[in-house]
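Coordinates as given in work03.pdb (PDB, C-alpha atoms):
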ATOM      1  CA  GLY B   1       9.177  -3.850  19.875  1.00  0.00           C
ATOM      2  CA  TRP B   2       7.514  -3.487  16.534  1.00  0.00           C
ATOM      3  CA  GLU B   3       9.657  -3.588  13.416  1.00  0.00           C
ATOM      4  CA  ALA B   4       7.075  -2.011  11.096  1.00  0.00           C
ATOM      5  CA  GLU B   5       3.546  -0.619  10.905  1.00  0.00           C
ATOM      6  CA  TYR B   6       0.789  -2.367   8.981  1.00  0.00           C
ATOM      7  CA  HIS B   7      -2.513  -0.589   8.240  1.00  0.00           C
ATOM      8  CA  PHE B   8      -5.313  -2.740   6.830  1.00  0.00           C
ATOM      9  CA  ILE B   9      -6.837  -1.393   3.606  1.00  0.00           C
ATOM     10  CA  ASN B  10      -9.189  -4.121   2.408  1.00  0.00           C
ATOM     11  CA  ASN B  11      -9.270  -7.733   1.326  1.00  0.00           C
ATOM     12  CA  GLU B  12     -10.534  -9.946  -1.454  1.00  0.00           C
ATOM     13  CA  GLY B  13     -11.062 -13.443  -0.099  1.00  0.00           C
ATOM     14  CA  PRO B  14      -7.836 -14.622   1.558  1.00  0.00           C
ATOM     15  CA  VAL B  15      -5.747 -11.764   0.071  1.00  0.00           C
ATOM     16  CA  PHE B  16      -5.361  -8.796   2.413  1.00  0.00           C
ATOM     17  CA  TRP B  17      -3.907  -5.391   1.426  1.00  0.00           C
ATOM     18  CA  PHE B  18      -1.907  -3.244   3.832  1.00  0.00           C
ATOM     19  CA  VAL B  19      -0.024   0.045   3.859  1.00  0.00           C
ATOM     20  CA  THR B  20       3.318  -0.646   5.508  1.00  0.00           C
ATOM     21  CA  ASP B  21       6.635   0.969   6.236  1.00  0.00           C
ATOM     22  CA  HIS B  22       8.361  -2.446   6.273  1.00  0.00           C
ATOM     23  CA  ALA B  23      11.456  -1.981   4.055  1.00  0.00           C
ATOM     24  CA  ALA B  24       9.904   1.308   2.858  1.00  0.00           C
ATOM     25  CA  PRO B  25      10.202   4.306   5.225  1.00  0.00           C
ATOM     26  CA  LEU B  26       7.838   6.377   3.021  1.00  0.00           C
ATOM     27  CA  ARG B  27       5.358   3.448   2.904  1.00  0.00           C
ATOM     28  CA  ARG B  28       4.062   1.139   0.212  1.00  0.00           C
ATOM     29  CA  VAL B  29       1.088  -1.168  -0.402  1.00  0.00           C
ATOM     30  CA  ILE B  30       1.523  -4.905  -0.022  1.00  0.00           C
ATOM     31  CA  ALA B  31      -0.710  -7.939  -0.410  1.00  0.00           C
ATOM     32  CA  VAL B  32      -0.623 -10.922   1.928  1.00  0.00           C
ATOM     33  CA  ASP B  33      -2.315 -14.185   0.976  1.00  0.00           C
ATOM     34  CA  SER B  34      -3.574 -15.615   4.271  1.00  0.00           C
ATOM     35  CA  SER B  35      -4.188 -19.023   2.692  1.00  0.00           C
ATOM     36  CA  GLN B  36      -0.407 -19.489   2.502  1.00  0.00           C
ATOM     37  CA  ALA B  37       1.168 -21.115   5.546  1.00  0.00           C
ATOM     38  CA  ARG B  38       4.241 -18.850   5.529  1.00  0.00           C
ATOM     39  CA  PRO B  39       5.648 -16.150   7.794  1.00  0.00           C
ATOM     40  CA  LEU B  40       4.262 -12.673   7.098  1.00  0.00           C
ATOM     41  CA  VAL B  41       7.413 -11.303   5.462  1.00  0.00           C
ATOM     42  CA  ALA B  42       7.661 -14.316   3.126  1.00  0.00           C
ATOM     43  CA  ALA B  43       3.976 -13.971   2.198  1.00  0.00           C
ATOM     44  CA  MET B  44       4.251 -10.263   1.265  1.00  0.00           C
ATOM     45  CA  ARG B  45       3.890  -9.180  -2.352  1.00  0.00           C
ATOM     46  CA  GLU B  46       4.447  -5.536  -3.275  1.00  0.00           C
ATOM     47  CA  ILE B  47       1.446  -4.011  -5.040  1.00  0.00           C
ATOM     48  CA  ILE B  48       2.337  -0.281  -4.996  1.00  0.00           C
ATOM     49  CA  PRO B  49       6.023   0.490  -4.456  1.00  0.00           C
ATOM     50  CA  GLU B  50       7.429   3.218  -2.244  1.00  0.00           C
ATOM     51  CA  THR B  51       7.814   6.579  -4.026  1.00  0.00           C
ATOM     52  CA  LYS B  52       9.657   9.807  -3.218  1.00  0.00           C
ATOM     53  CA  ASP B  53       6.429  11.068  -1.574  1.00  0.00           C
ATOM     54  CA  THR B  54       5.067   9.770   1.752  1.00  0.00           C
ATOM     55  CA  LEU B  55       2.022   7.516   1.394  1.00  0.00           C
ATOM     56  CA  GLN B  56      -0.418   8.826   4.022  1.00  0.00           C
ATOM     57  CA  SER B  57      -3.444   6.629   3.356  1.00  0.00           C
ATOM     58  CA  ALA B  58      -4.946   4.157   0.919  1.00  0.00           C
ATOM     59  CA  SER B  59      -8.398   2.786   0.249  1.00  0.00           C
ATOM     60  CA  VAL B  60     -10.087   0.622  -2.359  1.00  0.00           C
ATOM     61  CA  ILE B  61     -12.947   1.787  -4.559  1.00  0.00           C
ATOM     62  CA  GLY B  62     -14.108  -0.838  -7.017  1.00  0.00           C
ATOM     63  CA  ASP B  63     -10.964  -2.273  -8.556  1.00  0.00           C
ATOM     64  CA  HIS B  64      -8.820   0.817  -7.918  1.00  0.00           C
ATOM     65  CA  PHE B  65      -6.608   1.891  -5.054  1.00  0.00           C
ATOM     66  CA  VAL B  66      -7.059   5.530  -4.025  1.00  0.00           C
ATOM     67  CA  LEU B  67      -3.779   6.756  -2.571  1.00  0.00           C
ATOM     68  CA  ARG B  68      -3.082   9.985  -0.664  1.00  0.00           C
ATOM     69  CA  TYR B  69       0.531  11.144  -0.671  1.00  0.00           C
ATOM     70  CA  LEU B  70       2.306  14.017   1.055  1.00  0.00           C
ATOM     71  CA  HIS B  71       4.238  15.990  -1.591  1.00  0.00           C
ATOM     72  CA  ASP B  72       6.033  19.240  -0.716  1.00  0.00           C
ATOM     73  CA  ALA B  73       3.800  19.808   2.345  1.00  0.00           C
ATOM     74  CA  SER B  74       0.529  19.289   0.427  1.00  0.00           C
ATOM     75  CA  SER B  75      -1.624  16.259  -0.234  1.00  0.00           C
ATOM     76  CA  ARG B  76      -1.869  14.601  -3.649  1.00  0.00           C
ATOM     77  CA  VAL B  77      -4.380  11.935  -4.583  1.00  0.00           C
ATOM     78  CA  ARG B  78      -3.483   9.179  -7.046  1.00  0.00           C
ATOM     79  CA  THR B  79      -5.318   6.123  -8.244  1.00  0.00           C
ATOM     80  CA  ALA B  80      -3.814   2.802  -9.190  1.00  0.00           C
ATOM     81  CA  HIS B  81      -5.220  -0.068 -11.171  1.00  0.00           C
ATOM     82  CA  GLY B  82      -2.475  -2.567 -10.668  1.00  0.00           C
ATOM     83  CA  PRO B  83       1.035  -1.603  -9.589  1.00  0.00           C
ATOM     84  CA  LYS B  84       1.429   1.836 -11.258  1.00  0.00           C
ATOM     85  CA  PRO B  85      -0.157   4.904  -9.590  1.00  0.00           C
ATOM     86  CA  HIS B  86      -1.491   7.775 -11.729  1.00  0.00           C
ATOM     87  CA  ASP B  87      -1.899  11.422 -10.656  1.00  0.00           C
ATOM     88  CA  CYS B  88      -5.490  12.639 -10.475  1.00  0.00           C
ATOM     89  CA  SER B  89      -4.605  16.336 -10.696  1.00  0.00           C
TER      90      SER B  89
END
Render the structure in this file as structure tokens.
Amino acid sequence: GWEAEYHFINNEGPVFWFVTDHAAPLRRVIAVDSSQARPLVAAMREIIPETKDTLQSASVIGDHFVLRYLHDASSRVRTAHGPKPHDCS
């Protein structure tokens, strides 16, 4: 069976971004450089770490990630430019 879920967000050249629950039950964003001849897990680089809230979805607008989290039964939107998300509320 599957060990983890991977949801494609976007890519820039050979670098692909995914939301995954691999080693992060509440999900995180990783980058995988497809030009590297390595197994997937070895090629992963964490971009947005797992938080105490569940990451429900992610997209890219310009050079920002737009992240939707589940927090206390309501959705919260955050943006990230680099590895640190910021609340939009």
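Picked by the PyMOL selection byres ((chain B and resi 76) around 10) from the coordinates shown: Asp53, Leu55, Gln56, Leu67, Arg68, Tyr69, Leu70, His71, Asp72, Ala73, Ser74, Ser75, Val77, Arg78, Asp87, Cys88 and Ser89 of chain B.
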Task: Shell of 12 Å around B:Arg27, only C-alpha atoms, local chain residues under 6 positions omitted, as a VMD selection string - done: chain B and resid 4 to 7 18 to 21 46 to 58 67 to 70
Open item on the list: as a ChimeraX atom specification, please: the residues near stretch 30-38 of chain B (cut-off 6 Å, only C-alpha atoms, same-chain neighbours under 2 positions excluded).
Closed with: /B:14-18,43-47
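With distances taken over only C-alpha atoms, B:Ile9 is the one residue among B:Ile9, B:Ala23, B:Glu3, B:Pro39 lying closest to B:Val66.
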- [ ] Give me, please, the distance in Å between atom CA of B:Asp63 and atom CA of B:Pro25, quoted to one decimal.
- [x] 26.1 Å
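From atom CA of B:Ala80 back to atom CA of B:Trp2, the distance works out to 28.8 Å.
Note that atom CA of B:His22 and atom CA of B:His64 are 22.5 Å apart.
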